[in-house]
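S.K.: Contents of query-v3.csv (CSV, C-alpha atoms and all ligand atoms):
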chain,number,residue,atom,x,y,z
M,672,MET,CA,-31.8,-4.7,-14.9
M,673,ASP,CA,-35.5,-4.6,-14.0
M,674,SER,CA,-35.2,-6.9,-11.0
M,675,ALA,CA,-36.5,-4.7,-8.2
M,676,LYS,CA,-39.8,-6.6,-8.5
M,677,LYS,CA,-38.0,-10.0,-8.4
M,678,ILE,CA,-36.4,-9.2,-5.0
M,679,LYS,CA,-38.0,-11.4,-2.4
M,680,ASN,CA,-38.8,-10.2,1.0
M,681,ILE,CA,-36.0,-11.0,3.4
M,682,ARG,CA,-37.1,-12.5,6.7
M,683,SER,CA,-36.1,-10.8,9.9
M,684,PHE,CA,-32.8,-11.8,11.5
M,685,THR,CA,-32.7,-14.4,14.2
M,686,PRO,CA,-29.4,-14.1,16.1
M,687,PRO,CA,-27.4,-17.4,16.4
M,688,PRO,CA,-27.0,-19.0,19.8
M,689,LYS,CA,-24.8,-16.9,22.2
M,690,GLU,CA,-21.0,-17.7,22.1
M,691,ASP,CA,-18.6,-17.1,24.9
M,692,TYR,CA,-16.6,-14.3,23.4
M,693,VAL,CA,-14.2,-11.9,25.1
M,694,LYS,CA,-16.3,-8.8,25.3
M,695,PHE,CA,-15.2,-6.3,22.6
M,696,VAL,CA,-14.5,-2.8,23.8
M,697,LEU,CA,-12.6,-0.3,21.7
M,698,PRO,CA,-9.2,0.4,23.3
M,699,ASN,CA,-9.2,3.8,25.1
M,700,ARG,CA,-6.8,5.3,22.5
M,701,PHE,CA,-9.4,4.6,19.8
M,702,ALA,CA,-12.6,5.2,21.8
M,703,SER,CA,-13.6,8.0,19.5
M,704,SER,CA,-12.0,6.7,16.3
M,705,PRO,CA,-14.0,5.3,13.4
M,706,LEU,CA,-14.7,1.6,13.7
M,707,ASP,CA,-14.5,-0.7,10.6
M,708,ILE,CA,-15.4,-4.3,10.3
M,709,GLU,CA,-14.1,-6.7,7.6
M,710,ILE,CA,-16.0,-9.9,7.2
M,711,GLY,CA,-14.2,-13.0,5.7
M,712,CYS,CA,-10.7,-11.4,5.6
M,713,GLY,CA,-9.0,-14.7,4.6
M,714,VAL,CA,-5.3,-14.7,5.3
M,715,GLY,CA,-5.4,-11.0,6.1
M,716,LEU,CA,-3.6,-9.0,3.3
M,717,HIS,CA,-6.2,-6.3,3.4
M,718,PRO,CA,-6.2,-5.8,7.2
M,719,ILE,CA,-2.4,-5.5,7.2
M,720,GLN,CA,-2.4,-2.9,4.4
M,721,PHE,CA,-5.4,-1.1,6.1
M,722,PHE,CA,-3.9,-0.7,9.5
M,723,LYS,CA,-0.8,1.0,8.0
M,724,ALA,CA,-2.7,3.3,5.8
M,725,ASN,CA,-5.3,4.2,8.5
M,726,PRO,CA,-3.6,4.8,11.8
M,727,ASP,CA,-6.6,6.7,13.1
M,728,ARG,CA,-9.2,4.1,12.4
M,729,PHE,CA,-9.8,0.8,14.2
M,730,LEU,CA,-10.4,-2.4,12.1
M,731,VAL,CA,-11.8,-5.7,13.4
M,732,ALA,CA,-11.0,-8.3,10.8
M,733,ILE,CA,-13.0,-11.6,11.1
M,734,GLU,CA,-12.2,-15.0,9.5
M,735,HIS,CA,-13.8,-18.3,10.4
M,736,THR,CA,-11.6,-20.8,8.6
M,737,LYS,CA,-9.0,-22.0,11.0
M,738,GLU,CA,-6.0,-22.3,8.6
M,739,LYS,CA,-6.6,-18.9,7.0
M,740,PHE,CA,-7.0,-17.3,10.4
M,741,GLU,CA,-3.8,-18.8,11.6
M,742,LYS,CA,-1.9,-17.4,8.6
M,743,PHE,CA,-3.5,-14.0,9.3
M,744,GLN,CA,-2.5,-14.2,12.9
M,745,ARG,CA,1.1,-15.0,12.1
M,746,ARG,CA,1.1,-12.0,9.7
M,747,PHE,CA,-0.4,-9.8,12.6
M,748,ILE,CA,2.4,-11.0,14.9
M,749,SER,CA,5.1,-10.4,12.4
M,750,HIS,CA,3.8,-6.8,12.1
M,751,ASP,CA,4.2,-6.3,15.8
M,752,GLN,CA,0.5,-6.6,16.6
M,753,PRO,CA,-0.7,-3.2,15.6
M,754,SER,CA,-2.9,-1.6,18.2
M,755,ASN,CA,-5.5,-0.4,15.6
M,756,LEU,CA,-6.2,-4.0,14.3
M,757,LEU,CA,-8.0,-6.8,16.0
M,758,PRO,CA,-8.0,-10.2,14.3
M,759,ILE,CA,-11.0,-12.4,15.3
M,760,HIS,CA,-11.4,-16.1,14.7
M,761,ALA,CA,-15.2,-16.5,14.6
M,762,ASN,CA,-18.3,-16.8,12.5
M,763,ALA,CA,-18.8,-13.1,11.7
M,764,ILE,CA,-22.6,-13.4,11.9
M,765,SER,CA,-22.4,-14.6,15.5
M,766,TRP,CA,-19.5,-12.2,16.6
M,767,VAL,CA,-21.0,-9.1,14.9
M,768,SER,CA,-24.5,-9.6,16.2
M,769,GLN,CA,-23.4,-10.4,19.7
M,770,GLN,CA,-20.7,-7.7,20.1
M,771,LEU,CA,-21.7,-4.6,18.3
M,772,SER,CA,-24.4,-2.1,19.2
M,773,PRO,CA,-26.7,-0.1,16.8
M,774,ASN,CA,-25.1,2.9,15.0
M,775,SER,CA,-21.5,1.9,16.0
M,776,VAL,CA,-19.7,1.0,12.8
M,777,ASP,CA,-18.4,3.3,10.1
M,778,HIS,CA,-17.6,0.8,7.4
M,779,PHE,CA,-18.2,-2.8,6.6
M,780,TYR,CA,-16.0,-4.6,4.1
M,781,PHE,CA,-17.0,-7.8,2.2
M,782,LEU,CA,-14.1,-8.5,-0.1
M,783,TYR,CA,-14.5,-11.4,-2.5
M,784,PRO,CA,-17.1,-13.4,-0.6
M,785,ASN,CA,-18.0,-16.8,-1.9
M,786,PRO,CA,-20.6,-15.9,-4.5
M,787,ASN,CA,-22.7,-19.1,-4.0
M,788,PRO,CA,-23.8,-19.0,-7.7
M,789,LYS,CA,-26.4,-21.9,-7.5
M,790,SER,CA,-29.9,-20.5,-8.0
M,791,GLY,CA,-31.1,-22.1,-4.8
M,792,ASP,CA,-28.3,-20.4,-2.8
M,793,LEU,CA,-29.5,-16.8,-3.0
M,794,ASN,CA,-30.0,-16.8,0.8
M,795,LYS,CA,-26.3,-17.5,1.2
M,796,ARG,CA,-25.2,-14.2,-0.6
M,797,TRP,CA,-24.6,-11.5,2.0
M,798,TYR,CA,-27.0,-8.9,0.5
M,799,ALA,CA,-29.9,-11.3,0.5
M,800,MET,CA,-29.3,-12.7,4.0
M,801,PRO,CA,-31.4,-11.8,7.1
M,802,PHE,CA,-28.0,-10.8,8.7
M,803,MET,CA,-28.0,-7.7,6.5
M,804,HIS,CA,-30.8,-6.3,8.7
M,805,LYS,CA,-28.3,-6.5,11.6
M,806,VAL,CA,-25.4,-5.0,9.5
M,807,LEU,CA,-27.6,-2.0,8.6
M,808,GLU,CA,-28.8,-1.5,12.2
M,809,ILE,CA,-25.2,-1.5,13.4
M,810,LEU,CA,-24.0,0.7,10.6
M,811,LYS,CA,-23.9,4.5,11.4
M,812,GLN,CA,-25.9,7.0,9.4
M,813,ASP,CA,-23.8,7.8,6.4
M,814,GLY,CA,-21.7,4.7,7.2
M,815,LYS,CA,-20.3,2.7,4.2
M,816,ILE,CA,-20.4,-0.9,2.9
M,817,THR,CA,-17.7,-2.0,0.4
M,818,LEU,CA,-18.3,-5.2,-1.5
M,819,ALA,CA,-15.9,-6.5,-4.1
M,820,THR,CA,-16.3,-9.4,-6.5
M,821,ASN,CA,-15.0,-10.9,-9.7
M,822,GLU,CA,-18.5,-12.2,-10.6
M,823,LYS,CA,-20.6,-9.9,-12.9
M,824,PHE,CA,-23.9,-11.6,-11.8
M,825,TYR,CA,-22.9,-11.0,-8.1
M,826,HIS,CA,-22.1,-7.3,-8.8
M,827,ASP,CA,-25.4,-6.8,-10.6
M,828,GLU,CA,-27.4,-8.5,-8.0
M,829,ALA,CA,-25.7,-6.8,-5.1
M,830,LEU,CA,-26.3,-3.4,-6.8
M,831,ASP,CA,-30.0,-4.3,-7.2
M,832,TYR,CA,-30.4,-5.5,-3.6
M,833,PHE,CA,-28.5,-2.6,-1.9
M,834,LEU,CA,-30.2,0.1,-3.9
M,835,ASN,CA,-33.7,-1.3,-4.3
M,836,HIS,CA,-34.2,-3.4,-1.2
M,837,TRP,CA,-31.9,-1.9,1.4
M,838,LYS,CA,-32.3,1.6,0.1
M,839,LEU,CA,-28.6,2.5,0.3
M,840,ASP,CA,-27.0,5.2,-1.9
M,841,LEU,CA,-24.3,4.3,-4.4
M,842,VAL,CA,-21.0,5.9,-3.7
M,843,GLU,CA,-18.8,3.9,-6.2
M,844,ASP,CA,-19.2,1.3,-8.9
M,845,LYS,CA,-15.8,0.7,-10.3
M,846,GLU,CA,-14.2,-1.9,-12.5
M,847,LEU,CA,-10.7,-3.0,-11.5
M,848,GLN,CA,-8.2,-4.3,-14.0
M,849,ILE,CA,-4.7,-5.6,-14.0
M,850,GLY,CA,-2.4,-2.8,-12.8
M,851,PHE,CA,-4.7,-2.0,-9.8
M,852,LYS,CA,-2.7,-2.7,-6.6
M,853,PRO,CA,-4.5,-5.8,-5.2
M,854,ARG,CA,-5.9,-5.5,-1.7
M,855,THR,CA,-6.5,-9.2,-1.1
M,856,HIS,CA,-5.2,-12.5,-2.2
M,857,PHE,CA,-8.3,-13.3,-4.2
M,858,GLU,CA,-8.2,-9.9,-5.9
M,859,LYS,CA,-4.5,-10.5,-6.8
M,860,LYS,CA,-5.4,-14.0,-8.3
M,861,TYR,CA,-8.3,-12.6,-10.4
M,862,LEU,CA,-6.5,-9.6,-11.7
M,863,GLU,CA,-3.4,-11.7,-12.6
M,864,ARG,CA,-5.7,-14.0,-14.6
M,865,GLY,CA,-6.8,-10.9,-16.5
M,866,GLU,CA,-10.3,-10.9,-15.0
M,867,THR,CA,-12.3,-7.8,-14.3
M,868,CYS,CA,-13.1,-7.2,-10.6
M,869,TYR,CA,-15.9,-5.0,-9.4
M,870,ASN,CA,-15.7,-2.7,-6.4
M,871,LEU,CA,-19.0,-1.4,-5.0
M,872,VAL,CA,-19.3,1.2,-2.2
M,873,PHE,CA,-22.7,2.1,-0.7
M,874,SER,CA,-23.7,4.6,1.9
M,875,LYS,CA,-26.5,4.4,4.5
M,876,ARG,CA,-29.0,7.3,4.0
M,877,THR,CA,-29.1,9.9,6.7
M,901,LIG,C1,-13.4,-16.3,-1.1
M,901,LIG,S1,-12.6,-16.0,0.4
M,901,LIG,C2,-12.0,-14.4,0.3
M,901,LIG,C3,-10.9,-14.0,1.3
M,901,LIG,C4,-10.4,-12.6,1.3
M,901,LIG,N1,-11.4,-11.6,1.5
M,901,LIG,C5,-9.7,-12.4,-0.1
M,901,LIG,O1,-10.3,-11.6,-0.9
M,901,LIG,O2,-8.6,-12.9,-0.3
M,901,LIG,C6,-14.0,-15.8,1.5
M,901,LIG,C7,-13.6,-15.9,3.0
M,901,LIG,O3,-14.8,-15.6,3.8
M,901,LIG,C8,-14.7,-16.4,4.9
M,901,LIG,N2,-16.1,-16.5,5.5
M,901,LIG,C9,-17.2,-16.9,4.9
M,901,LIG,N3,-18.2,-16.8,5.7
M,901,LIG,C10,-17.8,-16.3,6.9
M,901,LIG,C11,-18.4,-16.0,8.1
M,901,LIG,N4,-19.7,-16.2,8.3
M,901,LIG,N5,-17.6,-15.5,9.1
M,901,LIG,C12,-16.3,-15.3,8.9
M,901,LIG,N6,-15.6,-15.6,7.8
M,901,LIG,C13,-16.4,-16.1,6.7
M,901,LIG,C14,-14.2,-17.7,4.4
M,901,LIG,O4,-13.7,-18.6,5.3
M,901,LIG,C15,-13.2,-17.3,3.4
M,901,LIG,O5,-11.9,-17.2,3.9
For the file at hand, write its structure as structure tokens.
M.R.:
Amino acid sequence: MDSAKKIKNIRSFTPPPKEDYVKFVLPNRFASSPLDIEIGCGVGLHPIQFFKANPDRFLVAIEHTKEKFEKFQRRFISHDQPSNLLPIHANAISWVSQQLSPNSVDHFYFLYPNPNPKSGDLNKRWYAMPFMHKVLEILKQDGKITLATNEKFYHDEALDYFLNHWKLDLVEDKELQIGFKPRTHFEKKYLERGETCYNLVFSKRT
């Protein structure tokens, strides 16, 4: 796709009004552990799999829809509130920009975000949002961004934006098909329908 020229300049990020959050501090035990952030984790299947598979990493999983967050929280409690996972009910743009300092995060996950396919809604897609300036400021050198989608146009556009606008390096560009163990509820639904899912991983240049 020759769309590097079509990419519009993305205005600088204006933080949303301050919210009254409990100040985030990594628990002592994880003070020197990698910190990962999942944005829009839905009912929390990925965070639950993740905390078990990564006992030496700390994941903050953020969801702003109340009903989904409550399901996630019930799942968190039924798994004995693992100490390396923090569920947050908030708008991720507000929480992340208020709570995290530059060069502090190892990996951001955006798994099956709403693709906002209408042509006028480009500015609602994560890779074209001013918030991405903040994400990249917070991401450590060599830190990673994983983005998964079932929409080919979203995959292609994300690839273009992350490589040509944000100047990240591509680590993985993988197609997932039925048979792949689903990480999220949306991934499960799409794979069971026989759709192809796309998993992109980028790295911030050192
Ligand atoms: C299509 S769902 C995918 C959920 C989950 N990642 C999955 O794959 O099953 C997208 C989710 O992102 C959440 N979301 C969208 N914008 C958000 C924001 N600014 N802060 C927190 N969550 C957000 C929505 O509430 C929704 O649950």
S.K.: Nearest to Leu771 of chain M among M:Val872, M:Ile809, M:Ala829, M:Ile759, with distances taken over only C-alpha atoms: which residue is it?
M.R.: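 Going through M:Val872, M:Ile809, M:Ala829, M:Ile759 one by one, the smallest distance to Leu771 of chain M is for M:Ile809.
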S.K.: Hey, which residues sit close to ligand LIG 901 (chain M)? Say within 7 Å, counting only C-alpha atoms and all ligand atoms, and write them as a PDB file with C-alpha atoms, in the frame of the given file.
M.R.:
ATOM      1  CA  ILE M 710     -16.000  -9.900   7.200  1.00  0.00           C
ATOM      2  CA  GLY M 711     -14.200 -13.000   5.700  1.00  0.00           C
ATOM      3  CA  CYS M 712     -10.700 -11.400   5.600  1.00  0.00           C
ATOM      4  CA  GLY M 713      -9.000 -14.700   4.600  1.00  0.00           C
ATOM      5  CA  VAL M 714      -5.300 -14.700   5.300  1.00  0.00           C
ATOM      6  CA  ILE M 733     -13.000 -11.600  11.100  1.00  0.00           C
ATOM      7  CA  GLU M 734     -12.200 -15.000   9.500  1.00  0.00           C
ATOM      8  CA  HIS M 735     -13.800 -18.300  10.400  1.00  0.00           C
ATOM      9  CA  THR M 736     -11.600 -20.800   8.600  1.00  0.00           C
ATOM     10  CA  LYS M 739      -6.600 -18.900   7.000  1.00  0.00           C
ATOM     11  CA  ALA M 761     -15.200 -16.500  14.600  1.00  0.00           C
ATOM     12  CA  ASN M 762     -18.300 -16.800  12.500  1.00  0.00           C
ATOM     13  CA  ALA M 763     -18.800 -13.100  11.700  1.00  0.00           C
ATOM     14  CA  ILE M 764     -22.600 -13.400  11.900  1.00  0.00           C
ATOM     15  CA  PHE M 781     -17.000  -7.800   2.200  1.00  0.00           C
ATOM     16  CA  LEU M 782     -14.100  -8.500  -0.100  1.00  0.00           C
ATOM     17  CA  TYR M 783     -14.500 -11.400  -2.500  1.00  0.00           C
ATOM     18  CA  PRO M 784     -17.100 -13.400  -0.600  1.00  0.00           C
ATOM     19  CA  ASN M 785     -18.000 -16.800  -1.900  1.00  0.00           C
ATOM     20  CA  THR M 855      -6.500  -9.200  -1.100  1.00  0.00           C
ATOM     21  CA  HIS M 856      -5.200 -12.500  -2.200  1.00  0.00           C
ATOM     22  CA  PHE M 857      -8.300 -13.300  -4.200  1.00  0.00           C
ATOM     23  CA  GLU M 858      -8.200  -9.900  -5.900  1.00  0.00           C
TER      24      GLU M 858
END
S.K.: Could you check which of M:Asp844, M:Glu709, M:Asp827, M:Asp777 is closest to Asp813 of chain M, using only C-alpha atoms?
M.R.: M:Asp777
S.K.: Env of Gly850 of chain M: 12 Å cut, atoms = all atoms listed in the file, seq-sep filter 3 positions within chain, self excluded. Answer as number ranges by chain.
M.R.: M: 846-847, 853-854, 858-859, 861-868
S.K.: I need the residue nearest Gln770 of chain M from this list: M:Leu871, M:Leu706, M:Val696, M:Val842. Use only C-alpha atoms for the distance.
M.R.: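 Among the listed residues, M:Val696 lies closest to Gln770 of chain M.
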S.K.: May I ask which of the residues M:Ser768, M:Ser749, M:Asn794, M:Ser683 is the closest one to Phe695 of chain M, counting all atoms listed in the file?
M.R.: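 Answer, going by the shortest atom-to-atom distance: M:Ser768.
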S.K.: Extract, using only C-alpha atoms, all DNA, RNA and protein residues at most 9 Å from segment 690-692 of chain M, discarding same-chain residues fewer than 6 positions from it, and format them as a PyMOL selection string.
M.R.: chain M and resi 765-766+769-770
S.K.: Between M:Asn725, M:Asn821, M:Asn835, M:Asn755, single out the one closest to Asn699 of chain M, counting only C-alpha atoms.
M.R.: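 Distance minimum relative to Asn699 of chain M lands on M:Asn755.
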S.K.: What is the atom CA of Arg796 of chain M-atom CA of Tyr825 of chain M distance in Å, reported with one decimal?
M.R.: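 Going from atom CA of Arg796 of chain M over to atom CA of Tyr825 of chain M covers 8.5 Å.
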S.K.: Between atom CA of Lys737 of chain M and atom CA of Lys860 of chain M, what is the spacing in Å?
M.R.: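 Taking atom CA of Lys860 of chain M as the start and atom CA of Lys737 of chain M as the end point, the length is 21.2 Å.
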S.K.: For Phe684 of chain M, which residue among M:Leu757, M:Ala724, M:Leu834, M:Met800 is the nearest when counting all atoms listed in the file?
M.R.: M:Met800
S.K.: Please list as a list of chain:residue names every residue within 9 Å of Phe873 of chain M, counting all atoms listed in the file and excluding residues in the same chain fewer than 2 positions away.
M.R.: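 That gives M:Gly814, M:Lys815, M:Ile816, M:Thr817, M:Leu818, M:Leu830, M:Phe833, M:Leu834, M:Leu839, M:Asp840, M:Leu841, M:Val842, M:Glu843, M:Asp844, M:Leu871, M:Lys875.
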S.K.: Using only C-alpha atoms, please write the residues we just selected to a file, as a short mmCIF file (atom, residue, chain, number, x, y, z; two decimals), in the frame of the given file.
M.R.:
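File written: selection-v2.cif
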data_model
loop_
_atom_site.label_atom_id
_atom_site.label_comp_id
_atom_site.auth_asym_id
_atom_site.auth_seq_id
_atom_site.Cartn_x
_atom_site.Cartn_y
_atom_site.Cartn_z
CA GLY M 814 -21.70 4.70 7.20
CA LYS M 815 -20.30 2.70 4.20
CA ILE M 816 -20.40 -0.90 2.90
CA THR M 817 -17.70 -2.00 0.40
CA LEU M 818 -18.30 -5.20 -1.50
CA LEU M 830 -26.30 -3.40 -6.80
CA PHE M 833 -28.50 -2.60 -1.90
CA LEU M 834 -30.20 0.10 -3.90
CA LEU M 839 -28.60 2.50 0.30
CA ASP M 840 -27.00 5.20 -1.90
CA LEU M 841 -24.30 4.30 -4.40
CA VAL M 842 -21.00 5.90 -3.70
CA GLU M 843 -18.80 3.90 -6.20
CA ASP M 844 -19.20 1.30 -8.90
CA LEU M 871 -19.00 -1.40 -5.00
CA LYS M 875 -26.50 4.40 4.50
#
S.K.: So how far away is atom CA of Gln720 of chain M from atom CA of Lys795 of chain M, in Å?
M.R.: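 That distance, rounded to one decimal, is 28.2 Å.
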